[in-house]
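**Student:** Sharing protein_3.pdb (PDB, C-alpha atoms, pLDDT in the B column) below.
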ATOM      1  CA  MET B   1     -38.083  61.921  17.218  1.00 41.00           C
ATOM      2  CA  LYS B   2     -41.442  63.591  17.198  1.00 45.00           C
ATOM      3  CA  ASN B   3     -43.837  62.750  19.996  1.00 44.00           C
ATOM      4  CA  LYS B   4     -46.409  60.801  17.969  1.00 53.00           C
ATOM      5  CA  LYS B   5     -48.947  58.273  19.052  1.00 51.00           C
ATOM      6  CA  ILE B   6     -48.044  54.720  18.058  1.00 59.00           C
ATOM      7  CA  ASN B   7     -50.665  53.319  15.700  1.00 68.00           C
ATOM      8  CA  GLY B   8     -51.144  51.473  12.422  1.00 81.00           C
ATOM      9  CA  GLU B   9     -48.580  48.934  11.332  1.00 85.00           C
ATOM     10  CA  LEU B  10     -46.334  49.396  14.346  1.00 89.00           C
ATOM     11  CA  LYS B  11     -49.145  48.902  16.854  1.00 90.00           C
ATOM     12  CA  GLU B  12     -50.256  45.702  15.127  1.00 91.00           C
ATOM     13  CA  LEU B  13     -46.715  44.306  15.204  1.00 94.00           C
ATOM     14  CA  MET B  14     -46.017  45.367  18.790  1.00 92.00           C
ATOM     15  CA  ASN B  15     -49.259  43.782  20.025  1.00 92.00           C
ATOM     16  CA  GLU B  16     -48.254  40.366  18.663  1.00 91.00           C
ATOM     17  CA  LYS B  17     -46.255  38.790  21.482  1.00 84.00           C
ATOM     18  CA  GLY B  18     -45.850  35.266  22.729  1.00 80.00           C
ATOM     19  CA  ASN B  19     -46.261  33.522  19.386  1.00 83.00           C
ATOM     20  CA  VAL B  20     -43.544  32.638  16.916  1.00 90.00           C
ATOM     21  CA  CYS B  21     -42.933  35.903  15.037  1.00 94.00           C
ATOM     22  CA  VAL B  22     -40.817  35.989  11.882  1.00 95.00           C
ATOM     23  CA  SER B  23     -39.363  39.281  10.644  1.00 97.00           C
ATOM     24  CA  VAL B  24     -37.653  39.346   7.234  1.00 97.00           C
ATOM     25  CA  ILE B  25     -36.237  42.748   6.301  1.00 97.00           C
ATOM     26  CA  ILE B  26     -34.519  43.198   2.937  1.00 96.00           C
ATOM     27  CA  PRO B  27     -32.670  46.202   1.503  1.00 95.00           C
ATOM     28  CA  LEU B  28     -33.510  47.166  -2.089  1.00 91.00           C
ATOM     29  CA  HIS B  29     -31.681  49.136  -4.766  1.00 84.00           C
ATOM     30  CA  SER B  30     -33.032  52.509  -5.813  1.00 73.00           C
ATOM     31  CA  GLN B  31     -32.456  51.931  -9.534  1.00 71.00           C
ATOM     32  CA  PRO B  32     -35.138  50.063 -11.524  1.00 67.00           C
ATOM     33  CA  SER B  33     -32.331  48.445 -13.534  1.00 68.00           C
ATOM     34  CA  ASP B  34     -31.277  46.591 -10.357  1.00 78.00           C
ATOM     35  CA  GLN B  35     -34.608  44.767  -9.914  1.00 82.00           C
ATOM     36  CA  GLU B  36     -33.153  41.475 -11.124  1.00 86.00           C
ATOM     37  CA  ILE B  37     -30.459  41.695  -8.440  1.00 89.00           C
ATOM     38  CA  ASP B  38     -33.121  42.582  -5.871  1.00 90.00           C
ATOM     39  CA  TRP B  39     -35.226  39.522  -6.778  1.00 90.00           C
ATOM     40  CA  ILE B  40     -32.178  37.282  -6.385  1.00 93.00           C
ATOM     41  CA  ASN B  41     -31.513  38.842  -2.989  1.00 93.00           C
ATOM     42  CA  VAL B  42     -35.178  38.512  -1.946  1.00 93.00           C
ATOM     43  CA  ASP B  43     -35.132  34.801  -2.821  1.00 94.00           C
ATOM     44  CA  HIS B  44     -31.831  34.313  -0.981  1.00 95.00           C
ATOM     45  CA  VAL B  45     -33.095  36.025   2.186  1.00 95.00           C
ATOM     46  CA  PHE B  46     -36.372  34.081   2.108  1.00 95.00           C
ATOM     47  CA  GLU B  47     -34.364  30.851   1.885  1.00 95.00           C
ATOM     48  CA  LYS B  48     -32.534  31.937   5.052  1.00 95.00           C
ATOM     49  CA  ALA B  49     -35.896  32.470   6.744  1.00 93.00           C
ATOM     50  CA  LYS B  50     -37.142  29.039   5.622  1.00 92.00           C
ATOM     51  CA  THR B  51     -33.982  27.380   6.926  1.00 92.00           C
ATOM     52  CA  LEU B  52     -34.307  29.194  10.244  1.00 90.00           C
ATOM     53  CA  LEU B  53     -37.970  28.178  10.584  1.00 89.00           C
ATOM     54  CA  ASN B  54     -37.274  24.578   9.631  1.00 86.00           C
ATOM     55  CA  SER B  55     -34.659  24.392  12.390  1.00 86.00           C
ATOM     56  CA  LYS B  56     -37.515  24.866  14.861  1.00 79.00           C
ATOM     57  CA  LYS B  57     -39.229  21.584  15.589  1.00 74.00           C
ATOM     58  CA  LYS B  58     -42.821  22.727  15.016  1.00 79.00           C
ATOM     59  CA  PRO B  59     -43.822  21.340  11.582  1.00 79.00           C
ATOM     60  CA  ALA B  60     -47.496  22.377  11.582  1.00 82.00           C
ATOM     61  CA  LEU B  61     -46.731  25.937  12.685  1.00 86.00           C
ATOM     62  CA  ASN B  62     -43.776  26.186  10.290  1.00 88.00           C
ATOM     63  CA  GLU B  63     -46.000  25.193   7.369  1.00 90.00           C
ATOM     64  CA  THR B  64     -48.491  27.952   8.240  1.00 92.00           C
ATOM     65  CA  LEU B  65     -45.757  30.565   8.602  1.00 94.00           C
ATOM     66  CA  LEU B  66     -43.990  29.480   5.403  1.00 93.00           C
ATOM     67  CA  LYS B  67     -47.259  29.785   3.457  1.00 95.00           C
ATOM     68  CA  LYS B  68     -47.714  33.322   4.781  1.00 96.00           C
ATOM     69  CA  LEU B  69     -44.097  34.226   3.933  1.00 95.00           C
ATOM     70  CA  THR B  70     -44.529  32.887   0.402  1.00 94.00           C
ATOM     71  CA  MET B  71     -47.792  34.802  -0.052  1.00 96.00           C
ATOM     72  CA  LEU B  72     -46.111  38.052   1.027  1.00 96.00           C
ATOM     73  CA  ARG B  73     -43.008  37.371  -1.070  1.00 94.00           C
ATOM     74  CA  ASN B  74     -45.276  37.053  -4.112  1.00 94.00           C
ATOM     75  CA  LYS B  75     -46.849  40.442  -3.329  1.00 94.00           C
ATOM     76  CA  ILE B  76     -43.545  42.325  -3.275  1.00 91.00           C
ATOM     77  CA  ARG B  77     -43.400  45.067  -5.886  1.00 87.00           C
ATOM     78  CA  PHE B  78     -40.388  47.257  -6.330  1.00 80.00           C
ATOM     79  CA  ALA B  79     -42.016  50.633  -5.829  1.00 73.00           C
ATOM     80  CA  GLU B  80     -40.240  53.827  -6.751  1.00 71.00           C
ATOM     81  CA  GLY B  81     -38.684  55.340  -3.659  1.00 75.00           C
ATOM     82  CA  ALA B  82     -38.627  52.106  -1.660  1.00 87.00           C
ATOM     83  CA  SER B  83     -35.199  51.373  -0.199  1.00 92.00           C
ATOM     84  CA  GLY B  84     -36.311  48.225   1.559  1.00 94.00           C
ATOM     85  CA  VAL B  85     -39.149  45.851   2.306  1.00 95.00           C
ATOM     86  CA  GLY B  86     -40.132  43.927   5.398  1.00 96.00           C
ATOM     87  CA  THR B  87     -42.364  40.921   5.826  1.00 97.00           C
ATOM     88  CA  PHE B  88     -43.742  40.087   9.241  1.00 97.00           C
ATOM     89  CA  VAL B  89     -45.609  36.837   9.897  1.00 96.00           C
ATOM     90  CA  SER B  90     -46.982  35.017  12.909  1.00 95.00           C
ATOM     91  CA  PRO B  91     -50.037  32.836  13.428  1.00 93.00           C
ATOM     92  CA  ASN B  92     -52.144  36.040  13.639  1.00 94.00           C
ATOM     93  CA  VAL B  93     -50.266  38.511  11.409  1.00 95.00           C
ATOM     94  CA  ALA B  94     -49.130  38.714   7.783  1.00 96.00           C
ATOM     95  CA  ARG B  95     -47.829  42.194   6.968  1.00 96.00           C
ATOM     96  CA  LEU B  96     -45.746  43.616   4.099  1.00 95.00           C
ATOM     97  CA  ILE B  97     -44.121  47.004   4.781  1.00 94.00           C
ATOM     98  CA  TYR B  98     -41.992  49.171   2.481  1.00 93.00           C
ATOM     99  CA  PHE B  99     -39.264  51.443   3.845  1.00 94.00           C
ATOM    100  CA  PRO B 100     -38.366  54.781   2.209  1.00 92.00           C
ATOM    101  CA  PHE B 101     -34.903  54.805   3.815  1.00 94.00           C
ATOM    102  CA  PRO B 102     -31.910  52.432   3.701  1.00 93.00           C
ATOM    103  CA  ILE B 103     -32.192  49.401   5.995  1.00 95.00           C
ATOM    104  CA  ALA B 104     -30.002  46.438   6.889  1.00 96.00           C
ATOM    105  CA  GLU B 105     -30.918  42.849   6.064  1.00 97.00           C
ATOM    106  CA  LYS B 106     -32.440  40.986   9.008  1.00 97.00           C
ATOM    107  CA  VAL B 107     -33.974  37.552   9.409  1.00 96.00           C
ATOM    108  CA  VAL B 108     -35.276  37.151  12.944  1.00 95.00           C
ATOM    109  CA  THR B 109     -37.559  34.690  14.694  1.00 92.00           C
ATOM    110  CA  GLY B 110     -38.671  35.239  18.233  1.00 91.00           C
ATOM    111  CA  ARG B 111     -41.596  35.821  20.546  1.00 93.00           C
ATOM    112  CA  SER B 112     -42.059  39.330  19.115  1.00 94.00           C
ATOM    113  CA  PHE B 113     -41.315  41.099  15.836  1.00 96.00           C
ATOM    114  CA  GLU B 114     -38.177  43.081  14.992  1.00 96.00           C
ATOM    115  CA  THR B 115     -39.830  46.523  14.891  1.00 95.00           C
ATOM    116  CA  ARG B 116     -37.018  49.104  15.027  1.00 95.00           C
ATOM    117  CA  ASP B 117     -37.217  49.988  11.331  1.00 96.00           C
ATOM    118  CA  VAL B 118     -41.031  50.131  11.431  1.00 94.00           C
ATOM    119  CA  MET B 119     -40.849  52.366  14.516  1.00 92.00           C
ATOM    120  CA  TYR B 120     -38.413  54.697  12.783  1.00 92.00           C
ATOM    121  CA  LYS B 121     -40.671  54.830   9.712  1.00 91.00           C
ATOM    122  CA  GLU B 122     -43.826  55.518  11.680  1.00 86.00           C
ATOM    123  CA  LEU B 123     -42.426  57.987  14.201  1.00 81.00           C
ATOM    124  CA  SER B 124     -40.200  60.065  11.939  1.00 77.00           C
TER
END
Kindly return the structure encoded in the file as structure tokens.
**Tutor:**
Amino acid sequence: MKNKKINGELKELMNEKGNVCVSVIIPLHSQPSDQEIDWINVDHVFEKAKTLLNSKKKPALNETLLKKLTMLRNKIRFAEGASGVGTFVSPNVARLIYFPFPIAEKVVTGRSFETRDVMYKELS
């Protein structure tokens, strides 16, 4: 990896620690004809995220995070060259990031974001 300074999207995500952080990372197909399949997959993965959040016993916080997830889900556009998309939400962050390389599906909640794919994107 090149020796680059960490900034931009990655810095914002790495600085958000200690709150409930939800990372939803979804692989996409490269063919425009597969967009219908991608939308089905996006909806399926977001349902997983909702179920995971609802298993946490923090209704007010969950409602805020679910609203942010829904807002970002509605902003997803299948851009040419995008092989994946990630949504990252916390009480302080709502970020949509496209990946130009293949990624694996991940739905993660924790006290920090799942940033490996963002790090690879930013530092490569």
**Student:** Just how far from CA of Thr109 in chain B is CA of Val22 in chain B, in Å to one decimal?
**Tutor:** 4.5 Å
**Student:** Starting from the displayed file, determine the output of the PyMOL selection byres ((chain B and resi 82-97) around 6) and express the residue list as a list in words.
**Tutor:**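 Taken over the shown coordinates, the PyMOL selection byres ((chain B and resi 82-97) around 6) returns Val20, Cys21, Val22, Ser23, Val24, Ile25, Ile26, Pro27, Leu28, Ala79, Glu80, Gly81, Tyr98, Phe99, Pro100, Phe101 and Pro102 of chain B.
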**Student:** Taking into account all atoms listed in the file, which residue in the set B:His44, B:Lys58, B:Arg77, B:Lys17 is nearest to Glu105 in chain B?
**Tutor:**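 Among B:His44, B:Lys58, B:Arg77, B:Lys17, it is B:His44 that comes nearest to Glu105 in chain B.
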**Student:** Using only C-alpha atoms for the distances, tell me which of B:Ile76, B:Ala60, B:Met71, B:Leu52 is nearest to Gln35 in chain B.
**Tutor:**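 Using only C-alpha atoms, the shortest distance to Gln35 in chain B belongs to B:Ile76.
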**Student:** Have a look at B:Thr115, B:Lys50, B:Ala104, B:Val42 and name the one nearest to Glu63 in chain B; count all atoms listed in the file.
**Tutor:** B:Lys50
**Student:** Can you measure CA of Glu12 in chain B to CA of Tyr120 in chain B for me? One decimal in Å is fine.
**Tutor:**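 Rounded to one decimal, the two atoms are 15.1 Å apart.
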**Student:** Would you mind telling me which residue in B:Leu123, B:Asp38, B:Phe113, B:Phe78 lies nearest to Met14 in chain B when using all atoms listed in the file?
**Tutor:**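 Among the listed residues, the smallest separation from Met14 in chain B belongs to B:Phe113.
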**Student:** So which one's closest to Asn54 in chain B, B:Glu9, B:Val107, B:Gln31, B:Leu66? Using only C-alpha atoms, please.
**Tutor:**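 Answer, going by the shortest atom-to-atom distance: B:Leu66.
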**Student:** Work out how far apart CA of Asn62 in chain B and CA of Arg111 in chain B are and give it in Å to one decimal.
**Tutor:**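 The value is 14.2 Å.
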**Student:** Measuring atom to atom with all atoms listed in the file, identify which of B:Ile40, B:Ser112, B:Pro59, B:Asn74 is nearest to Gly18 in chain B.
**Tutor:**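 Once distances to Gly18 in chain B are computed over all atoms listed in the file, the minimum belongs to B:Ser112.
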**Student:** Return as lines of an AutoDock Vina configuration file the box centre and box size in Å, one decimal, for an axis-aligned box around all listed atoms of range 84-89 of chain B padded by 6 Å per side.
**Tutor:**
center_x = -41.0
center_y = 42.5
center_z = 5.7
size_x = 21.3
size_y = 23.4
size_z = 20.3
**Student:** Can you give me N, CA, C and O atoms for range 99-117 of chain B, written as a compact mmCIF listing (two decimals), in the frame of the given file?
**Tutor:**
# COMPACT_ATOMS: atom_id res chain seq x y z
N PHE B 99 -40.03 50.43 3.13
CA PHE B 99 -39.26 51.44 3.84
C PHE B 99 -38.68 52.45 2.86
O PHE B 99 -38.03 52.05 1.89
N PRO B 100 -38.88 53.75 3.11
CA PRO B 100 -38.37 54.78 2.21
C PRO B 100 -36.94 55.22 2.54
O PRO B 100 -36.47 56.22 2.03
N PHE B 101 -36.27 54.47 3.40
CA PHE B 101 -34.90 54.80 3.82
C PHE B 101 -34.08 53.51 3.81
O PHE B 101 -34.64 52.42 3.89
N PRO B 102 -32.76 53.64 3.72
CA PRO B 102 -31.91 52.43 3.70
C PRO B 102 -32.05 51.62 5.00
O PRO B 102 -32.12 52.19 6.09
N ILE B 103 -32.09 50.31 4.85
CA ILE B 103 -32.19 49.40 6.00
C ILE B 103 -31.18 48.29 5.83
O ILE B 103 -30.66 48.05 4.74
N ALA B 104 -30.91 47.59 6.91
CA ALA B 104 -30.00 46.44 6.89
C ALA B 104 -30.83 45.16 6.79
O ALA B 104 -31.95 45.09 7.30
N GLU B 105 -30.25 44.15 6.16
CA GLU B 105 -30.92 42.85 6.06
C GLU B 105 -31.02 42.22 7.45
O GLU B 105 -30.07 42.22 8.22
N LYS B 106 -32.21 41.68 7.74
CA LYS B 106 -32.44 40.99 9.01
C LYS B 106 -33.39 39.83 8.77
O LYS B 106 -34.39 39.97 8.06
N VAL B 107 -33.07 38.70 9.37
CA VAL B 107 -33.97 37.55 9.41
C VAL B 107 -34.02 37.13 10.87
O VAL B 107 -33.03 36.66 11.41
N VAL B 108 -35.17 37.35 11.50
CA VAL B 108 -35.28 37.15 12.94
C VAL B 108 -36.53 36.36 13.27
O VAL B 108 -37.61 36.67 12.76
N THR B 109 -36.40 35.35 14.12
CA THR B 109 -37.56 34.69 14.69
C THR B 109 -37.48 34.89 16.20
O THR B 109 -36.41 34.95 16.77
N GLY B 110 -38.64 35.04 16.80
CA GLY B 110 -38.67 35.24 18.23
C GLY B 110 -40.10 35.28 18.73
O GLY B 110 -41.04 34.96 18.00
N ARG B 111 -40.27 35.74 19.94
CA ARG B 111 -41.60 35.82 20.55
C ARG B 111 -42.21 37.20 20.33
O ARG B 111 -43.28 37.50 20.85
N SER B 112 -41.53 38.03 19.55
CA SER B 112 -42.06 39.33 19.11
C SER B 112 -41.36 39.68 17.80
O SER B 112 -40.36 39.06 17.43
N PHE B 113 -41.89 40.68 17.11
CA PHE B 113 -41.32 41.10 15.84
C PHE B 113 -40.14 42.05 16.04
O PHE B 113 -40.06 42.76 17.05
N GLU B 114 -39.26 42.10 15.06
CA GLU B 114 -38.18 43.08 14.99
C GLU B 114 -38.81 44.36 14.43
O GLU B 114 -39.12 44.44 13.25
N THR B 115 -39.03 45.36 15.29
CA THR B 115 -39.83 46.52 14.89
C THR B 115 -39.06 47.84 14.81
O THR B 115 -39.66 48.87 14.56
N ARG B 116 -37.75 47.83 15.01
CA ARG B 116 -37.02 49.10 15.03
C ARG B 116 -37.19 49.92 13.75
O ARG B 116 -37.43 51.12 13.81
N ASP B 117 -37.09 49.26 12.60
CA ASP B 117 -37.22 49.99 11.33
C ASP B 117 -38.65 50.50 11.13
O ASP B 117 -38.86 51.60 10.62
